[in-house]
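target.cif, holding mmCIF, C-alpha atoms (C1' of nucleotides):
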data_query
loop_
_atom_site.label_atom_id
_atom_site.label_comp_id
_atom_site.auth_asym_id
_atom_site.auth_seq_id
_atom_site.Cartn_x
_atom_site.Cartn_y
_atom_site.Cartn_z
CA MET Y 1040 -29.55 -16.52 150.50
CA THR Y 1041 -30.16 -19.81 148.79
CA LEU Y 1042 -29.44 -20.49 145.18
CA ILE Y 1043 -31.06 -23.41 143.43
CA PHE Y 1044 -29.70 -24.61 140.15
CA ILE Y 1045 -32.05 -26.64 138.08
CA SER Y 1046 -30.02 -28.73 135.69
CA GLN Y 1047 -30.93 -28.00 132.12
CA ILE Y 1048 -32.06 -31.08 130.24
CA LYS Y 1049 -30.92 -30.40 126.72
CA LYS Y 1050 -33.00 -32.06 124.04
CA MET Y 1051 -30.52 -33.58 121.67
CA LYS Y 1052 -31.05 -33.95 117.97
CA LEU Y 1053 -31.04 -37.51 116.65
CA PRO Y 1054 -27.53 -37.56 115.15
CA GLU Y 1055 -25.99 -36.28 118.37
CA ALA Y 1056 -28.03 -38.70 120.47
CA LYS Y 1057 -26.91 -41.59 118.28
CA LYS Y 1058 -23.28 -40.63 118.66
CA GLN Y 1059 -23.69 -40.36 122.41
CA PHE Y 1060 -25.36 -43.73 122.65
CA ILE Y 1061 -22.80 -45.50 120.49
CA SER Y 1062 -19.85 -43.98 122.26
CA SER Y 1063 -21.21 -44.59 125.75
CA TRP Y 1064 -22.27 -48.12 124.92
CA GLY Y 1065 -18.72 -48.76 123.82
CA ALA Y 1066 -17.37 -47.38 127.08
CA PHE Y 1067 -19.75 -49.51 129.14
CA GLY Y 1068 -18.75 -52.54 127.14
CA THR Y 1069 -15.16 -52.26 128.30
CA HIS Y 1070 -16.34 -52.63 131.93
CA TRP Y 1071 -17.92 -55.89 130.92
CA GLY Y 1072 -14.96 -57.55 129.30
CA ILE Y 1073 -16.29 -56.62 125.86
CA ASN Y 1074 -14.11 -54.83 123.39
CA ARG Y 1075 -15.08 -51.22 122.78
CA THR Y 1076 -15.52 -51.53 119.03
CA MET Y 1077 -17.62 -54.66 119.27
CA ALA Y 1078 -19.96 -52.88 121.66
CA GLN Y 1079 -20.13 -49.85 119.37
CA ILE Y 1080 -20.98 -51.93 116.34
CA HIS Y 1081 -23.66 -53.65 118.38
CA ALA Y 1082 -25.04 -50.28 119.47
CA LEU Y 1083 -25.12 -49.03 115.91
CA LEU Y 1084 -26.99 -52.12 114.75
CA LEU Y 1085 -29.44 -51.91 117.66
CA ILE Y 1086 -30.61 -48.47 116.61
CA SER Y 1087 -30.61 -49.16 112.87
CA PRO Y 1088 -34.13 -49.99 111.73
CA ASP Y 1089 -32.82 -51.82 108.67
CA PRO Y 1090 -29.87 -54.14 108.09
CA ILE Y 1091 -26.66 -52.37 107.10
CA THR Y 1092 -23.45 -53.29 105.29
CA GLN Y 1093 -19.83 -53.50 106.41
CA ASP Y 1094 -19.10 -50.33 104.48
CA GLU Y 1095 -21.79 -48.41 106.29
CA ILE Y 1096 -20.41 -49.55 109.63
CA MET Y 1097 -16.88 -48.58 108.56
CA GLU Y 1098 -18.09 -45.15 107.60
CA GLN Y 1099 -20.33 -44.47 110.59
CA LEU Y 1100 -17.73 -45.53 113.13
CA SER Y 1101 -14.62 -44.54 111.15
CA ILE Y 1102 -12.95 -47.90 111.54
CA SER Y 1103 -11.20 -50.23 109.14
CA ARG Y 1104 -12.68 -53.03 107.14
CA GLY Y 1105 -10.75 -55.73 108.95
CA ASN Y 1106 -11.85 -54.41 112.29
CA VAL Y 1107 -15.51 -54.43 111.32
CA ASN Y 1108 -15.19 -57.90 109.91
CA MET Y 1109 -13.60 -59.43 113.01
CA ASN Y 1110 -15.97 -57.82 115.46
CA ILE Y 1111 -19.03 -58.67 113.41
CA ARG Y 1112 -17.96 -62.30 113.44
CA GLU Y 1113 -17.58 -62.15 117.19
CA LEU Y 1114 -21.07 -60.66 117.53
CA ILE Y 1115 -22.42 -63.42 115.34
CA SER Y 1116 -20.71 -66.03 117.52
CA TRP Y 1117 -22.61 -64.55 120.45
CA SER Y 1118 -25.83 -64.83 118.39
CA LEU Y 1119 -26.43 -61.12 118.80
CA VAL Y 1120 -26.14 -60.30 115.12
CA GLU Y 1121 -27.12 -62.11 111.99
CA ARG Y 1122 -25.91 -62.01 108.45
CA ILE Y 1123 -28.62 -61.15 105.96
CA ILE Y 1124 -28.44 -62.10 102.32
CA VAL Y 1125 -30.59 -59.97 100.09
CA THR Y 1126 -31.45 -61.87 96.91
CA GLY Y 1127 -30.05 -60.18 93.86
CA GLU Y 1128 -27.55 -58.22 96.00
CA ARG Y 1129 -23.89 -59.07 96.02
CA ARG Y 1130 -22.96 -57.71 99.46
CA GLU Y 1131 -23.97 -58.94 102.86
CA TYR Y 1132 -26.11 -57.04 105.31
CA PHE Y 1133 -26.10 -57.29 109.09
CA SER Y 1134 -28.86 -56.95 111.60
CA ALA Y 1135 -28.97 -57.14 115.39
CA GLU Y 1136 -31.51 -58.98 117.48
CA LYS Y 1137 -33.81 -56.16 118.57
CA ASP Y 1138 -35.66 -57.88 121.40
CA ILE Y 1139 -33.58 -56.62 124.28
CA TRP Y 1140 -34.68 -59.38 126.62
CA LYS Y 1141 -33.43 -61.96 124.14
CA VAL Y 1142 -30.19 -60.04 123.92
CA ALA Y 1143 -29.79 -60.09 127.68
CA THR Y 1144 -30.60 -63.77 128.11
CA GLN Y 1145 -28.33 -64.64 125.22
CA ILE Y 1146 -25.45 -62.82 126.89
CA ILE Y 1147 -26.21 -64.47 130.22
CA LYS Y 1148 -26.24 -67.91 128.59
CA GLU Y 1149 -22.94 -67.35 126.83
CA ARG Y 1150 -21.17 -65.94 129.84
CA LYS Y 1151 -22.45 -68.72 132.04
CA LYS Y 1152 -21.04 -71.24 129.60
CA ARG Y 1153 -17.74 -69.45 129.10
CA GLU Y 1154 -17.06 -68.34 132.66
CA LEU Y 1155 -19.27 -69.74 135.38
CA ASP Y 1156 -19.19 -73.36 134.24
CA PRO Y 1157 -15.38 -73.57 134.04
CA MET Y 1158 -15.10 -71.86 137.41
CA LEU Y 1159 -17.39 -74.38 139.06
CA LYS Y 1160 -15.43 -77.18 137.47
CA LEU Y 1161 -12.19 -75.83 138.88
CA LEU Y 1162 -13.67 -75.37 142.34
CA SER Y 1163 -14.87 -78.96 142.37
CA GLN Y 1164 -11.32 -80.06 141.66
CA LEU Y 1165 -9.84 -77.90 144.37
CA GLU Y 1166 -12.46 -78.89 146.90
CA ASN Y 1167 -10.87 -82.20 147.73
CA VAL Y 1168 -7.35 -81.02 148.27
CA ASP Y 1169 -5.05 -83.59 149.81
CA GLY Y 1170 -4.27 -82.37 153.33
CA ASP Y 1171 -4.92 -82.31 157.03
CA LYS Y 1172 -8.02 -80.33 157.88
CA LYS Y 1173 -6.68 -79.62 161.34
CA ASP Y 1174 -4.06 -77.44 159.72
CA LYS Y 1175 -5.17 -73.80 159.78
CA GLU Y 1176 -4.09 -73.08 156.19
CA THR Y 1177 -5.77 -76.16 154.80
CA LYS Y 1178 -8.91 -75.46 156.77
CA GLN Y 1179 -9.21 -71.90 155.50
CA PHE Y 1180 -8.55 -73.03 151.93
CA VAL Y 1181 -11.12 -75.81 151.98
CA GLU Y 1182 -13.76 -73.65 153.60
CA MET Y 1183 -13.21 -70.79 151.20
CA ILE Y 1184 -13.39 -73.03 148.14
CA ALA Y 1185 -16.57 -74.60 149.47
CA SER Y 1186 -18.28 -71.28 150.10
CA ILE Y 1187 -17.26 -69.85 146.74
CA LYS Y 1188 -18.64 -72.97 145.12
CA LYS Y 1189 -21.89 -72.59 147.01
CA LEU Y 1190 -22.11 -69.00 145.83
CA GLY Y 1191 -21.37 -70.06 142.28
CA LEU Y 1192 -24.09 -72.70 142.33
CA THR Y 1193 -26.57 -70.20 143.70
CA ALA Y 1194 -25.67 -67.70 140.99
CA ASP Y 1195 -26.01 -70.45 138.42
CA LYS Y 1196 -29.53 -71.25 139.53
CA MET Y 1197 -30.54 -67.61 139.82
CA LEU Y 1198 -29.34 -66.98 136.29
CA ASP Y 1199 -31.19 -70.03 134.99
CA ALA Y 1200 -34.37 -68.77 136.63
CA THR Y 1201 -33.85 -65.38 135.02
CA ILE Y 1202 -33.32 -66.90 131.60
CA LYS Y 1203 -36.58 -68.79 131.94
CA ALA Y 1204 -38.53 -65.70 132.97
CA GLU Y 1205 -39.39 -64.62 129.46
CA GLU Y 1206 -43.15 -64.37 129.89
CA ASN Y 1207 -42.76 -62.33 133.05
CA TRP Y 1208 -40.68 -59.87 131.12
CA PHE Y 1209 -43.47 -59.13 128.70
CA THR Y 1210 -46.01 -58.61 131.43
CA GLY Y 1211 -43.53 -56.59 133.47
CA SER Y 1212 -44.11 -58.88 136.40
CA ILE Y 1213 -40.61 -60.26 136.65
CA LEU Y 1214 -40.10 -58.72 140.04
CA LYS Y 1215 -42.82 -60.88 141.55
CA MET Y 1216 -40.27 -63.65 141.39
CA PHE Y 1217 -38.44 -61.89 144.17
CA LYS Y 1218 -41.31 -61.44 146.56
CA MET Q 1235 -16.68 -101.94 121.27
CA THR Q 1236 -17.23 -99.04 123.62
CA LEU Q 1237 -14.47 -97.40 125.54
CA ILE Q 1238 -15.30 -95.37 128.61
CA PHE Q 1239 -12.69 -93.07 130.00
CA ILE Q 1240 -13.21 -92.07 133.57
CA SER Q 1241 -11.32 -88.87 134.13
CA GLN Q 1242 -8.84 -89.19 136.92
CA ILE Q 1243 -9.42 -86.66 139.69
CA LYS Q 1244 -5.96 -85.93 140.98
CA LYS Q 1245 -5.82 -84.90 144.60
CA MET Q 1246 -3.62 -81.86 144.69
CA LYS Q 1247 -1.40 -80.91 147.57
CA LEU Q 1248 -2.17 -77.59 149.23
CA PRO Q 1249 0.61 -75.49 147.66
CA GLU Q 1250 -0.35 -76.60 144.17
CA ALA Q 1251 -4.04 -76.07 144.85
CA LYS Q 1252 -3.34 -72.56 146.14
CA LYS Q 1253 -1.35 -71.70 143.04
CA GLN Q 1254 -4.14 -73.03 140.84
CA PHE Q 1255 -6.77 -71.07 142.68
CA ILE Q 1256 -4.82 -67.80 142.63
CA SER Q 1257 -3.90 -68.07 138.99
CA SER Q 1258 -7.40 -69.06 137.86
CA TRP Q 1259 -9.05 -66.42 139.98
CA GLY Q 1260 -6.83 -63.88 138.26
CA ALA Q 1261 -7.84 -65.18 134.85
CA PHE Q 1262 -11.54 -65.05 135.73
CA GLY Q 1263 -11.10 -61.53 137.01
CA THR Q 1264 -10.02 -60.31 133.60
CA HIS Q 1265 -13.38 -61.44 132.18
CA TRP Q 1266 -15.05 -59.22 134.75
CA GLY Q 1267 -13.25 -56.00 134.05
CA ILE Q 1268 -10.96 -56.60 137.02
CA ASN Q 1269 -7.25 -56.43 136.63
CA ARG Q 1270 -5.49 -59.78 136.89
CA THR Q 1271 -3.15 -58.83 139.70
CA MET Q 1272 -5.89 -57.28 141.79
CA ALA Q 1273 -7.88 -60.49 141.52
CA GLN Q 1274 -4.82 -62.57 142.43
CA ILE Q 1275 -4.08 -60.52 145.51
CA HIS Q 1276 -7.69 -60.87 146.50
CA ALA Q 1277 -7.52 -64.62 146.01
CA LEU Q 1278 -4.36 -64.87 148.11
CA LEU Q 1279 -5.96 -62.90 150.92
CA LEU Q 1280 -9.16 -64.96 150.77
CA ILE Q 1281 -7.29 -68.17 151.51
CA SER Q 1282 -4.92 -66.68 154.08
CA PRO Q 1283 -6.22 -67.42 157.58
CA ASP Q 1284 -4.27 -64.52 159.05
CA PRO Q 1285 -3.56 -61.00 157.82
CA ILE Q 1286 -0.40 -60.68 155.74
CA THR Q 1287 2.01 -57.90 154.80
CA GLN Q 1288 2.86 -56.24 151.49
CA ASP Q 1289 6.17 -58.08 151.47
CA GLU Q 1290 4.50 -61.44 151.80
CA ILE Q 1291 2.20 -60.61 148.89
CA MET Q 1292 5.18 -59.45 146.80
CA GLU Q 1293 6.97 -62.67 147.51
CA GLN Q 1294 4.05 -65.06 147.03
CA LEU Q 1295 2.96 -63.52 143.73
CA SER Q 1296 6.40 -62.35 142.52
CA ILE Q 1297 5.28 -58.81 141.87
CA SER Q 1298 6.73 -55.42 142.70
CA ARG Q 1299 6.08 -53.31 145.75
CA GLY Q 1300 4.38 -50.54 143.79
CA ASN Q 1301 2.08 -53.00 142.10
CA VAL Q 1302 0.98 -54.54 145.39
CA ASN Q 1303 0.46 -51.12 146.86
CA MET Q 1304 -1.74 -49.81 144.07
CA ASN Q 1305 -3.88 -52.91 143.82
CA ILE Q 1306 -4.32 -53.21 147.57
CA ARG Q 1307 -5.60 -49.65 147.63
CA GLU Q 1308 -8.03 -50.49 144.88
CA LEU Q 1309 -9.25 -53.52 146.82
CA ILE Q 1310 -9.70 -51.33 149.87
CA SER Q 1311 -11.71 -48.82 147.83
CA TRP Q 1312 -14.02 -51.70 146.95
CA SER Q 1313 -14.26 -52.54 150.68
CA LEU Q 1314 -13.03 -56.03 149.99
CA VAL Q 1315 -9.82 -55.71 151.99
CA GLU Q 1316 -8.93 -53.89 155.15
CA ARG Q 1317 -5.74 -52.54 156.55
CA ILE Q 1318 -4.85 -54.00 159.92
CA ILE Q 1319 -2.61 -52.23 162.41
CA VAL Q 1320 -1.04 -54.56 164.93
CA THR Q 1321 -0.10 -52.64 168.05
CA GLY Q 1322 3.64 -52.57 168.60
CA GLU Q 1323 4.29 -53.51 164.96
CA ARG Q 1324 5.59 -51.01 162.48
CA ARG Q 1325 4.26 -52.54 159.28
CA GLU Q 1326 0.72 -52.84 158.06
CA TYR Q 1327 -1.14 -56.07 157.57
CA PHE Q 1328 -3.97 -56.76 155.18
CA SER Q 1329 -6.97 -58.99 155.47
CA ALA Q 1330 -9.84 -59.80 153.12
CA GLU Q 1331 -13.51 -60.00 154.02
CA LYS Q 1332 -14.04 -63.75 154.33
CA ASP Q 1333 -17.83 -63.89 154.24
CA ILE Q 1334 -18.27 -64.63 150.57
CA TRP Q 1335 -21.85 -63.41 150.48
CA LYS Q 1336 -20.71 -60.04 151.80
CA VAL Q 1337 -18.01 -60.03 149.15
CA ALA Q 1338 -20.56 -60.70 146.43
CA THR Q 1339 -23.06 -58.08 147.59
CA GLN Q 1340 -20.28 -55.55 148.04
CA ILE Q 1341 -19.16 -56.09 144.45
CA ILE Q 1342 -22.75 -55.85 143.22
CA LYS Q 1343 -23.25 -52.58 145.10
CA GLU Q 1344 -20.08 -51.04 143.73
CA ARG Q 1345 -20.70 -52.07 140.17
CA LYS Q 1346 -24.27 -50.88 140.32
CA LYS Q 1347 -23.01 -47.52 141.47
CA ARG Q 1348 -20.16 -47.29 139.00
CA GLU Q 1349 -21.86 -48.73 135.91
CA LEU Q 1350 -25.59 -49.26 136.08
CA ASP Q 1351 -26.49 -45.90 137.63
CA PRO Q 1352 -24.57 -43.81 135.07
CA MET Q 1353 -26.04 -45.91 132.27
CA LEU Q 1354 -29.58 -45.30 133.45
CA LYS Q 1355 -28.83 -41.62 133.74
CA LEU Q 1356 -27.60 -41.51 130.16
CA LEU Q 1357 -30.62 -43.42 128.89
CA SER Q 1358 -32.97 -40.98 130.59
CA GLN Q 1359 -31.23 -38.16 128.76
CA LEU Q 1360 -31.43 -39.89 125.41
CA GLU Q 1361 -35.03 -40.92 125.89
CA ASN Q 1362 -36.44 -37.54 125.02
CA VAL Q 1363 -34.55 -36.94 121.84
CA ASP Q 1364 -35.78 -34.03 119.79
CA GLY Q 1365 -37.33 -35.48 116.66
CA ASP Q 1366 -40.30 -36.70 114.72
CA LYS Q 1367 -41.49 -40.09 115.92
CA LYS Q 1368 -42.99 -40.84 112.56
CA ASP Q 1369 -39.46 -41.00 111.18
CA LYS Q 1370 -38.29 -44.63 111.06
CA GLU Q 1371 -34.82 -43.86 112.41
CA THR Q 1372 -36.12 -41.79 115.29
CA LYS Q 1373 -38.76 -44.36 116.10
CA GLN Q 1374 -36.25 -47.20 116.29
CA PHE Q 1375 -33.89 -45.12 118.40
CA VAL Q 1376 -36.54 -44.04 120.90
CA GLU Q 1377 -37.96 -47.54 121.22
CA MET Q 1378 -34.55 -49.10 121.69
CA ILE Q 1379 -33.51 -46.60 124.35
CA ALA Q 1380 -36.81 -47.15 126.15
CA SER Q 1381 -36.48 -50.92 126.17
CA ILE Q 1382 -32.86 -50.84 127.29
CA LYS Q 1383 -33.88 -48.51 130.08
CA LYS Q 1384 -36.67 -50.85 131.10
CA LEU Q 1385 -34.18 -53.72 131.17
CA GLY Q 1386 -31.76 -51.63 133.20
CA LEU Q 1387 -34.41 -50.73 135.75
CA THR Q 1388 -35.41 -54.38 136.05
CA ALA Q 1389 -31.82 -55.41 136.58
CA ASP Q 1390 -31.45 -52.65 139.15
CA LYS Q 1391 -34.38 -53.96 141.15
CA MET Q 1392 -33.31 -57.58 140.84
CA LEU Q 1393 -29.87 -56.69 142.13
CA ASP Q 1394 -31.33 -54.72 145.01
CA ALA Q 1395 -33.47 -57.69 145.94
CA THR Q 1396 -30.41 -59.93 145.82
CA ILE Q 1397 -28.41 -57.59 148.03
CA LYS Q 1398 -31.17 -57.64 150.61
CA ALA Q 1399 -31.40 -61.43 150.63
CA GLU Q 1400 -28.77 -61.97 153.29
CA GLU Q 1401 -30.81 -64.13 155.64
CA ASN Q 1402 -31.91 -66.38 152.81
CA TRP Q 1403 -28.28 -66.98 151.99
CA PHE Q 1404 -27.56 -68.46 155.40
CA THR Q 1405 -30.53 -70.76 155.29
CA GLY Q 1406 -29.80 -71.69 151.70
CA SER Q 1407 -33.33 -70.70 150.79
CA ILE Q 1408 -32.45 -67.90 148.42
CA LEU Q 1409 -33.88 -69.77 145.48
CA LYS Q 1410 -37.36 -69.61 146.92
CA MET Q 1411 -37.30 -65.99 145.86
CA PHE Q 1412 -37.56 -67.21 142.32
CA LYS Q 1413 -40.56 -69.46 142.75
"C1'" DA P 1262 15.54 -33.24 165.50
"C1'" DT P 1263 17.41 -37.36 163.56
"C1'" DT P 1264 17.05 -41.57 161.54
"C1'" DA P 1265 15.54 -45.94 160.16
"C1'" DA P 1266 11.46 -48.44 158.70
"C1'" DT P 1267 7.82 -48.42 155.84
"C1'" DT P 1268 4.46 -46.66 152.39
"C1'" DT P 1269 3.33 -44.03 148.36
"C1'" DT P 1270 4.04 -42.02 143.96
"C1'" DC P 1271 4.87 -41.89 139.18
"C1'" DA P 1272 7.91 -41.61 134.99
"C1'" DA P 1273 9.81 -45.06 132.40
"C1'" DT P 1274 9.34 -49.65 130.68
"C1'" DA P 1275 7.19 -53.79 129.51
"C1'" DT P 1276 3.23 -56.28 128.14
"C1'" DA P 1277 -1.23 -57.02 126.14
"C1'" DT P 1278 -4.80 -55.69 123.17
"C1'" DT P 1279 -6.75 -53.50 119.29
"C1'" DT P 1280 -6.57 -51.69 114.76
"C1'" DT P 1281 -5.00 -51.23 110.24
"C1'" DG P 1282 -4.62 -52.24 105.45
"C1'" DA P 1283 -2.98 -54.69 101.85
"C1'" DA P 1284 -2.79 -59.32 100.09
"C1'" DA P 1285 -5.11 -63.60 99.63
"C1'" DG P 1286 -9.36 -65.86 99.31
"C1'" DT P 1287 -14.12 -66.43 97.79
"C1'" DT P 1288 -18.16 -65.87 95.13
"C1'" DC P 1289 -20.86 -65.44 91.22
"C1'" DA P 1290 -22.53 -63.03 86.91
"C1'" DG P 1291 -21.48 -63.04 82.29
"C1'" DC I 1419 -13.34 -69.78 82.73
"C1'" DT I 1420 -12.59 -64.81 83.81
"C1'" DG I 1421 -12.70 -60.94 86.38
"C1'" DA I 1422 -15.01 -57.69 89.22
"C1'" DA I 1423 -17.20 -57.34 93.72
"C1'" DC I 1424 -16.85 -58.42 97.96
"C1'" DT I 1425 -15.03 -60.93 102.33
"C1'" DT I 1426 -11.45 -62.75 105.16
"C1'" DT I 1427 -6.96 -63.07 107.10
"C1'" DC I 1428 -3.04 -61.72 109.63
"C1'" DA I 1429 1.59 -59.48 110.22
"C1'" DA I 1430 2.85 -55.08 111.44
"C1'" DA I 1431 1.81 -50.72 113.74
"C1'" DA I 1432 -0.66 -48.17 117.00
"C1'" DT I 1433 -2.77 -47.79 121.25
"C1'" DA I 1434 -3.96 -48.90 125.86
"C1'" DT I 1435 -2.98 -51.09 130.16
"C1'" DA I 1436 -0.13 -53.00 133.71
"C1'" DT I 1437 4.28 -53.22 136.10
"C1'" DT I 1438 8.57 -51.83 137.81
"C1'" DG I 1439 11.66 -49.66 140.91
"C1'" DA I 1440 13.88 -45.93 142.70
"C1'" DA I 1441 12.98 -41.44 144.72
"C1'" DA I 1442 9.95 -38.85 147.69
"C1'" DA I 1443 6.92 -38.81 151.44
"C1'" DT I 1444 5.38 -40.42 155.76
"C1'" DT I 1445 5.61 -42.40 160.21
"C1'" DA I 1446 7.14 -43.38 164.75
"C1'" DA I 1447 10.77 -44.58 167.89
"C1'" DT I 1448 14.89 -42.63 170.11
#
Representation of the structure as structure tokens:
Amino acid sequence: MTLIFISQIKKMKLPEAKKQFISSWGAFGTHWGINRTMAQIHALLLISPDPITQDEIMEQLSISRGNVNMNIRELISWSLVERIIVTGERREYFSAEKDIWKVATQIIKERKKRELDPMLKLLSQLENVDGDKKDKETKQFVEMIASIKKLGLTADKMLDATIKAEENWFTGSILKMFK
Amino acid sequence: MTLIFISQIKKMKLPEAKKQFISSWGAFGTHWGINRTMAQIHALLLISPDPITQDEIMEQLSISRGNVNMNIRELISWSLVERIIVTGERREYFSAEKDIWKVATQIIKERKKRELDPMLKLLSQLENVDGDKKDKETKQFVEMIASIKKLGLTADKMLDATIKAEENWFTGSILKMFK
DNA sequence: ATTAATTTTCAATATATTTTGAAAGTTCAG
DNA sequence: CTGAACTTTCAAAATATATTGAAAATTAAT
């Protein structure tokens, strides 16, 4: 006898779906060197049709004022969120960039600058180590540094090409780049 | 008057260069959701021409036996390091995959499996939220989930294409994929 | 079966990171 | 200029993550 279980896709209501998204986005963030709360705030802003205030963020995510403030500033420094001043209103509102391709390229740009560039700089330094290339240790070191650098340069160029692919994104033809 | 400073490139000796590489590789690792020590062990193994033992790793990095053991196992689970049994020798040796392109594709594969796949699964669940699409909140949520999913699928395909680009790596022609 | 060499485990400890919240700072309407 | 509304800062506390090291488990030679 064979039993087949068909997994039940439960249709969630909006509030539950929001919670799920925010919490999971936060969890994913931690795998990417991004602090959980920062990712959650970003998630909340992404699904908010209108700009919201610090107090709303505090309430929705049950976190302190200071925490919201610091993470919002960090998001702003990544150009993922902007501060909105409503004329005649005392408090500040915040809004996230909603074009997800812009979000992605922005993150790529920042991480390239903060991580890839310094790494390539270091590798260039280490490349010309002072030593005898007949020596097994030196040889392995020099070769490894060279191949990591080559990889890094390739990644750099691939990422640049991706950043410049904006039009292809709209048309959905980005994959033609890989043919 | 114009002063031009030409930065002095100091030629490091091998031991210093090794230290630099290991320590920086560890620091970079932390930006990538990889634990510092795991990245350092990996770095040490990458520049070691021959397989080395747990004790050598302990000594070189000044870390405890348990720490080496746990992180080595993690590296093995990522298929970046293998355990080597030398016949007639009691202790185990360890060696890292030296082909840096294999290392990169291996990491891409693992992270795709551990992070991208679950994310896409979640997004598919959230996509069909139960609600009125005329409602502004619902509309924004549904649209955002859809566009993130589209981005995720694009990334998935781009990464697959990259993984399959092995031959292009050798010839250095990988960038032609982007033309 | 015994034992010595080696690996693995994991509770306790140490370290690093995140969060809080109250105080200090800023802004601006009146 | 004053004070209420709001934002920012940051030391202290809470939480999360990494590390240690000694005991337990495993292995293989005798």
Across Y:Asn1167, Y:Gln1179, Y:Thr1092, Y:Ser1186, the smallest distance to chain I, with only C-alpha atoms (C1' of nucleotides) counted, is shown by Y:Thr1092
Would you list the contacts of DT1427 (chain I) as number ranges by chain, taking every protein, DNA or RNA residue within 12 Å and counting all atoms listed in the file, but skipping same-chain residues closer than 2 positions in sequence? Y: 1104-1106, 1108-1109; P: 1282-1286; I: 1425, 1429
> Do you know which residues the PyMOL selection byres ((chain Y) within 6 of (chain Q)) returns on this file, as a PyMOL selection string?
Replying inline: chain Y and resi 1050-1052+1070-1072+1086+1088+1168-1169+1179-1180+1216-1217
Filtering to C-alpha atoms, could you give me those residues as a compact mmCIF listing (two decimals), in the coordinates of the input?
# COMPACT_ATOMS: atom_id res chain seq x y z
CA LYS Y 1050 -33.00 -32.06 124.04
CA MET Y 1051 -30.52 -33.58 121.67
CA LYS Y 1052 -31.05 -33.95 117.97
CA HIS Y 1070 -16.34 -52.63 131.93
CA TRP Y 1071 -17.92 -55.89 130.92
CA GLY Y 1072 -14.96 -57.55 129.30
CA ILE Y 1086 -30.61 -48.47 116.61
CA PRO Y 1088 -34.13 -49.99 111.73
CA VAL Y 1168 -7.35 -81.02 148.27
CA ASP Y 1169 -5.05 -83.59 149.81
CA GLN Y 1179 -9.21 -71.90 155.50
CA PHE Y 1180 -8.55 -73.03 151.93
CA MET Y 1216 -40.27 -63.65 141.39
CA PHE Y 1217 -38.44 -61.89 144.17
Task: Result set of the PyMOL selection byres ((chain I) within 8 of (chain Y)) on the coordinates above, as a count of residues only - done: 3
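Across the structure, CA of Phe1328 (chain Q) and CA of Leu1393 (chain Q) are spaced 29.0 Å apart.
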Which residues of chain P have any atom within 8 Å of an atom in chain Q when counting only C-alpha atoms (C1' of nucleotides), and what is the closest pair of atoms for each, with the distance in Å to one decimal? Order the rows by chain and rising number and write it as a Markdown table.
| residue | atom | partner | partner_atom | distance |
| --- | --- | --- | --- | --- |
| P:DA1266 | C1' | Q:Arg1324 | CA | 7.4 |
| P:DT1267 | C1' | Q:Arg1325 | CA | 6.4 |
| P:DT1269 | C1' | Q:Asn1303 | CA | 7.8 |
From CA of Glu1149 (chain Y) to CA of Ala1380 (chain Q) the spacing works out at 24.5 Å
Taken to one decimal, the CA of Ser1118 (chain Y)-CA of Ile1146 (chain Y) distance is 8.7 Å
When the PyMOL selection byres ((chain I and resi 1446) around 10) is applied to the structure above, which residues does it catch, written out as a PyMOL selection string? (chain Q and resi 1324) or (chain P and resi 1265-1266) or (chain I and resi 1444-1445+1447-1448)
Grab all the atoms of region 1422-1428 of chain I that the file lists, wrap them in a box along x, y and z, add 3 Å per side, and give me centre plus edge lengths in Å (one decimal) as AutoDock Vina command-line options.
--center_x -10.1 --center_y -60.2 --center_z 99.4 --size_x 20.2 --size_y 11.7 --size_z 26.4
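Residues in contact with DA1441 (chain I) at 12 Å, where only C-alpha atoms (C1' of nucleotides) are counted and same-chain residues fewer than 6 positions away are skipped, are listed as P:DT1269, P:DT1270, P:DC1271, P:DA1272.
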